[in-house]
file protein-v1.cif (mmCIF, C-alpha atoms)
data_run
loop_
_atom_site.group_PDB
_atom_site.id
_atom_site.type_symbol
_atom_site.label_atom_id
_atom_site.label_comp_id
_atom_site.auth_asym_id
_atom_site.auth_seq_id
_atom_site.Cartn_x
_atom_site.Cartn_y
_atom_site.Cartn_z
ATOM 1 C CA MET A 1 118.281 118.147 113.890
ATOM 2 C CA ARG A 2 114.639 118.956 114.618
ATOM 3 C CA ALA A 3 113.835 118.751 110.906
ATOM 4 C CA PHE A 4 115.409 115.286 110.729
ATOM 5 C CA ILE A 5 113.500 114.041 113.771
ATOM 6 C CA SER A 6 110.252 115.519 112.513
ATOM 7 C CA ARG A 7 110.724 114.041 109.036
ATOM 8 C CA THR A 8 111.751 110.614 110.343
ATOM 9 C CA TYR A 9 109.123 110.104 113.021
ATOM 10 C CA SER A 10 106.312 112.311 111.745
ATOM 11 C CA ARG A 11 102.740 111.052 112.006
ATOM 12 C CA ASP A 12 101.458 113.947 109.880
ATOM 13 C CA ASP A 13 100.589 111.660 106.967
ATOM 14 C CA ALA A 14 96.790 111.601 106.801
ATOM 15 C CA ARG A 15 96.662 108.262 104.982
ATOM 16 C CA THR A 16 95.654 105.075 106.720
ATOM 17 C CA THR A 17 98.175 102.283 107.093
ATOM 18 C CA GLU A 18 96.270 100.368 104.424
ATOM 19 C CA GLN A 19 96.529 103.276 101.975
ATOM 20 C CA ILE A 20 100.262 103.623 102.593
ATOM 21 C CA VAL A 21 100.669 99.898 101.854
ATOM 22 C CA THR A 22 98.605 100.264 98.668
ATOM 23 C CA ASP A 23 100.694 103.230 97.552
ATOM 24 C CA LEU A 24 103.915 101.353 98.331
ATOM 25 C CA ARG A 25 102.769 98.336 96.329
ATOM 26 C CA GLN A 26 101.896 100.547 93.338
ATOM 27 C CA LEU A 27 105.382 101.994 92.949
ATOM 28 C CA ASP A 28 106.800 100.861 89.609
ATOM 29 C CA PRO A 29 109.995 102.288 88.100
ATOM 30 C CA LYS A 30 108.804 101.272 84.623
ATOM 31 C CA VAL A 31 105.741 103.492 84.988
ATOM 32 C CA GLN A 32 106.835 106.328 87.283
ATOM 33 C CA GLY A 33 110.546 106.404 86.497
ATOM 34 C CA TRP A 34 113.507 105.170 88.508
ATOM 35 C CA ASP A 35 114.376 108.464 90.233
ATOM 36 C CA THR A 36 110.801 109.121 91.314
ATOM 37 C CA VAL A 37 110.307 105.633 92.700
ATOM 38 C CA GLU A 38 113.688 105.600 94.434
ATOM 39 C CA LYS A 39 112.678 108.735 96.357
ATOM 40 C CA ARG A 40 109.149 107.517 97.052
ATOM 41 C CA VAL A 41 110.206 104.092 98.333
ATOM 42 C CA GLY A 42 112.061 105.681 101.238
ATOM 43 C CA GLU A 43 109.190 108.076 101.904
ATOM 44 C CA GLU A 44 106.559 105.341 101.823
ATOM 45 C CA VAL A 45 108.586 103.000 104.044
ATOM 46 C CA SER A 46 109.085 105.866 106.521
ATOM 47 C CA ALA A 47 105.361 106.660 106.462
ATOM 48 C CA LEU A 48 104.444 103.011 107.018
ATOM 49 C CA LEU A 49 106.874 102.649 109.912
ATOM 50 C CA ALA A 50 105.640 105.892 111.490
ATOM 51 C CA SER A 51 102.085 104.630 111.175
ATOM 52 C CA VAL A 52 102.537 101.199 112.743
ATOM 53 C CA PHE A 53 105.186 102.185 115.313
ATOM 54 C CA ASN A 54 103.446 105.462 116.241
ATOM 55 C CA GLY A 55 106.577 107.431 115.430
ATOM 56 C CA GLN A 56 108.580 105.609 118.122
ATOM 57 C CA GLN A 57 111.782 103.587 117.761
ATOM 58 C CA ILE A 58 111.642 100.088 119.248
ATOM 59 C CA PRO A 59 113.982 99.232 122.130
ATOM 60 C CA ALA A 60 117.211 97.367 121.408
ATOM 61 C CA GLY A 61 116.817 93.645 121.965
ATOM 62 C CA THR A 62 113.251 93.466 120.648
ATOM 63 C CA ALA A 63 112.407 90.225 118.847
ATOM 64 C CA PHE A 64 110.061 90.014 115.870
ATOM 65 C CA GLY A 65 107.608 87.956 117.932
ATOM 66 C CA GLU A 66 107.320 90.782 120.479
ATOM 67 C CA LEU A 67 105.894 93.160 117.873
ATOM 68 C CA SER A 68 102.172 93.594 117.340
ATOM 69 C CA PRO A 69 100.593 91.674 114.443
ATOM 70 C CA GLN A 70 100.202 94.966 112.536
ATOM 71 C CA GLN A 71 103.881 95.800 113.023
ATOM 72 C CA GLN A 72 104.929 92.297 111.961
ATOM 73 C CA GLU A 73 102.751 92.507 108.852
ATOM 74 C CA ALA A 74 104.170 95.917 107.914
ATOM 75 C CA LEU A 75 107.756 94.666 108.150
ATOM 76 C CA CYS A 76 106.931 91.598 106.053
ATOM 77 C CA ILE A 77 105.275 93.820 103.443
ATOM 78 C CA ILE A 78 108.348 96.056 103.382
ATOM 79 C CA GLN A 79 110.583 93.034 102.778
ATOM 80 C CA GLU A 80 108.268 91.658 100.092
ATOM 81 C CA VAL A 81 107.611 94.881 98.183
ATOM 82 C CA CYS A 82 110.979 96.568 98.598
ATOM 83 C CA ASN A 83 113.293 93.593 98.187
ATOM 84 C CA GLU A 84 115.019 95.020 95.092
ATOM 85 C CA TRP A 85 115.749 98.353 96.792
ATOM 86 C CA TRP A 86 118.266 97.010 99.342
ATOM 87 C CA CYS A 87 121.080 97.406 96.817
ATOM 88 C CA VAL A 88 120.319 101.091 96.141
ATOM 89 C CA GLY A 89 122.329 103.200 98.578
ATOM 90 C CA ASN A 90 120.576 103.521 101.922
ATOM 91 C CA VAL A 91 117.057 103.614 100.494
ATOM 92 C CA MET A 92 115.949 100.767 102.753
ATOM 93 C CA ARG A 93 118.467 100.881 105.554
ATOM 94 C CA ARG A 94 117.965 104.530 106.532
ATOM 95 C CA PRO A 95 114.231 104.401 107.407
ATOM 96 C CA LEU A 96 114.488 100.952 108.986
ATOM 97 C CA ALA A 97 117.515 101.881 111.119
ATOM 98 C CA SER A 98 115.640 104.948 112.362
ATOM 99 C CA TYR A 99 113.127 102.619 113.996
ATOM 100 C CA GLY A 100 115.678 100.235 115.530
ATOM 101 C CA PHE A 101 116.081 97.812 112.619
ATOM 102 C CA ASP A 102 119.717 98.637 111.906
ATOM 103 C CA PHE A 103 120.253 95.754 109.514
ATOM 104 C CA TYR A 104 121.258 95.021 105.969
ATOM 105 C CA GLU A 105 119.065 92.752 103.872
ATOM 106 C CA GLU A 106 120.205 89.339 105.124
ATOM 107 C CA GLN A 107 120.126 90.462 108.752
ATOM 108 C CA PHE A 108 116.636 91.904 108.254
ATOM 109 C CA LYS A 109 115.464 88.549 106.873
ATOM 110 C CA GLU A 110 116.981 86.868 109.951
ATOM 111 C CA PHE A 111 115.081 89.307 112.178
ATOM 112 C CA LEU A 112 111.814 88.488 110.376
ATOM 113 C CA ALA A 113 112.546 84.774 110.832
ATOM 114 C CA GLY A 114 113.038 85.274 114.574
ATOM 115 C CA GLU A 115 116.771 84.561 114.414
ATOM 116 C CA ARG A 116 117.956 88.046 115.413
ATOM 117 C CA VAL A 117 116.798 90.869 117.700
ATOM 118 C CA SER A 118 116.775 94.608 117.071
ATOM 119 C CA GLN A 119 119.941 96.566 117.761
#
call {"tool": "encode", "arguments": {"input": "protein-v1.cif", "output": "structure tokens"}}
result
Amino acid sequence: MRAFISRTYSRDDARTTEQIVTDLRQLDPKVQGWDTVEKRVGEEVSALLASVFNGQQIPAGTAFGELSPQQQEALCIIQEVCNEWWCVGNVMRRPLASYGFDFYEEQFKEFLAGERVSQ
């Protein structure tokens, strides 16, 4: 259990938030291979969430508008860059749910639009 918590909420990544975003945007299955990118997408999303949420899950009932501008931007980037990964197992859902965004794709879009709160 400690390993899971450490892995999920770790702030040990030395990269800046901007570098994590750059690395996330550069993932391309055509260049790096499907299996590599599938693994890295989850890792990069986890690293980005840990960076902007300081390794802390948000409280249930939090609205998108209550998040800091940096947190809002990170979630919008995740939706933009990782849109095609929602249909691949729990690649997207697992890291997002760990931070209080326990949604599937359509529900996550509703959260970003201010039509739903965190669970």
call {"tool": "resolve_selection", "arguments": {"input": "protein-v1.cif", "expression": "the PyMOL selection byres ((chain A and resi 38) around 10)", "output": "number ranges by chain"}}
result
A: 27-29, 32-37, 39-43, 85, 88-89, 91-92
call {"tool": "write_last_selection", "arguments": {"input": "protein-v1.cif", "atoms": "C-alpha atoms", "output": "compact mmCIF listing (two decimals), in the frame of the given file"}}
result
# COMPACT_ATOMS: atom_id res chain seq x y z
CA LEU A 27 105.38 101.99 92.95
CA ASP A 28 106.80 100.86 89.61
CA PRO A 29 110.00 102.29 88.10
CA GLN A 32 106.84 106.33 87.28
CA GLY A 33 110.55 106.40 86.50
CA TRP A 34 113.51 105.17 88.51
CA ASP A 35 114.38 108.46 90.23
CA THR A 36 110.80 109.12 91.31
CA VAL A 37 110.31 105.63 92.70
CA LYS A 39 112.68 108.74 96.36
CA ARG A 40 109.15 107.52 97.05
CA VAL A 41 110.21 104.09 98.33
CA GLY A 42 112.06 105.68 101.24
CA GLU A 43 109.19 108.08 101.90
CA TRP A 85 115.75 98.35 96.79
CA VAL A 88 120.32 101.09 96.14
CA GLY A 89 122.33 103.20 98.58
CA VAL A 91 117.06 103.61 100.49
CA MET A 92 115.95 100.77 102.75
call {"tool": "atom_distance", "arguments": {"input": "protein-v1.cif", "atom1": "CA of Pro59 (chain A)", "atom2": "CA of Ala113 (chain A)"}}
result
18.4 Å
call {"tool": "closest_residue", "arguments": {"input": "protein-v1.cif", "among": "A:Ile20, A:Glu106, A:Pro69, A:Ala74", "to": "Cys87 (chain A)", "atoms": "all atoms listed in the file"}}
result
A:Glu106
call {"tool": "closest_residue", "arguments": {"input": "protein-v1.cif", "among": "A:Ala47, A:Leu96, A:Leu24, A:Leu112", "to": "Glu73 (chain A)", "atoms": "all atoms listed in the file"}}
result
A:Leu112
call {"tool": "residues_around", "arguments": {"input": "protein-v1.cif", "residues": "region 13-18 of chain A", "least_positions_apart": "6", "cutoff": "8 Å", "atoms": "all atoms listed in the file", "output": "MDAnalysis selection string"}}
result
chainID A and resid 47:48 51:52
call {"tool": "closest_residue", "arguments": {"input": "protein-v1.cif", "among": "A:Glu84, A:Phe101, A:Gln19, A:Val31", "to": "Ala63 (chain A)", "atoms": "all atoms listed in the file"}}
result
A:Phe101
call {"tool": "residues_around", "arguments": {"input": "protein-v1.cif", "residues": "Glu110 (chain A)", "least_positions_apart": "4", "cutoff": "12 Å", "atoms": "all atoms listed in the file", "output": "number ranges by chain"}}
result
A: 63-64, 76, 79, 101, 103-106, 114-118
call {"tool": "atom_distance", "arguments": {"input": "protein-v1.cif", "atom1": "CA of Pro95 (chain A)", "atom2": "CA of Ser46 (chain A)"}}
result
5.4 Å
call {"tool": "atom_distance", "arguments": {"input": "protein-v1.cif", "atom1": "CA of Gly55 (chain A)", "atom2": "CA of Gly100 (chain A)"}}
result
11.6 Å
call {"tool": "axis_aligned_box", "arguments": {"input": "protein-v1.cif", "around": "region 21-38 of chain A", "padding_each_side": "3 Å", "output": "lines of an AutoDock Vina configuration file"}}
result
center_x = 106.5
center_y = 103.7
center_z = 93.2
size_x = 21.8
size_y = 16.8
size_z = 23.2
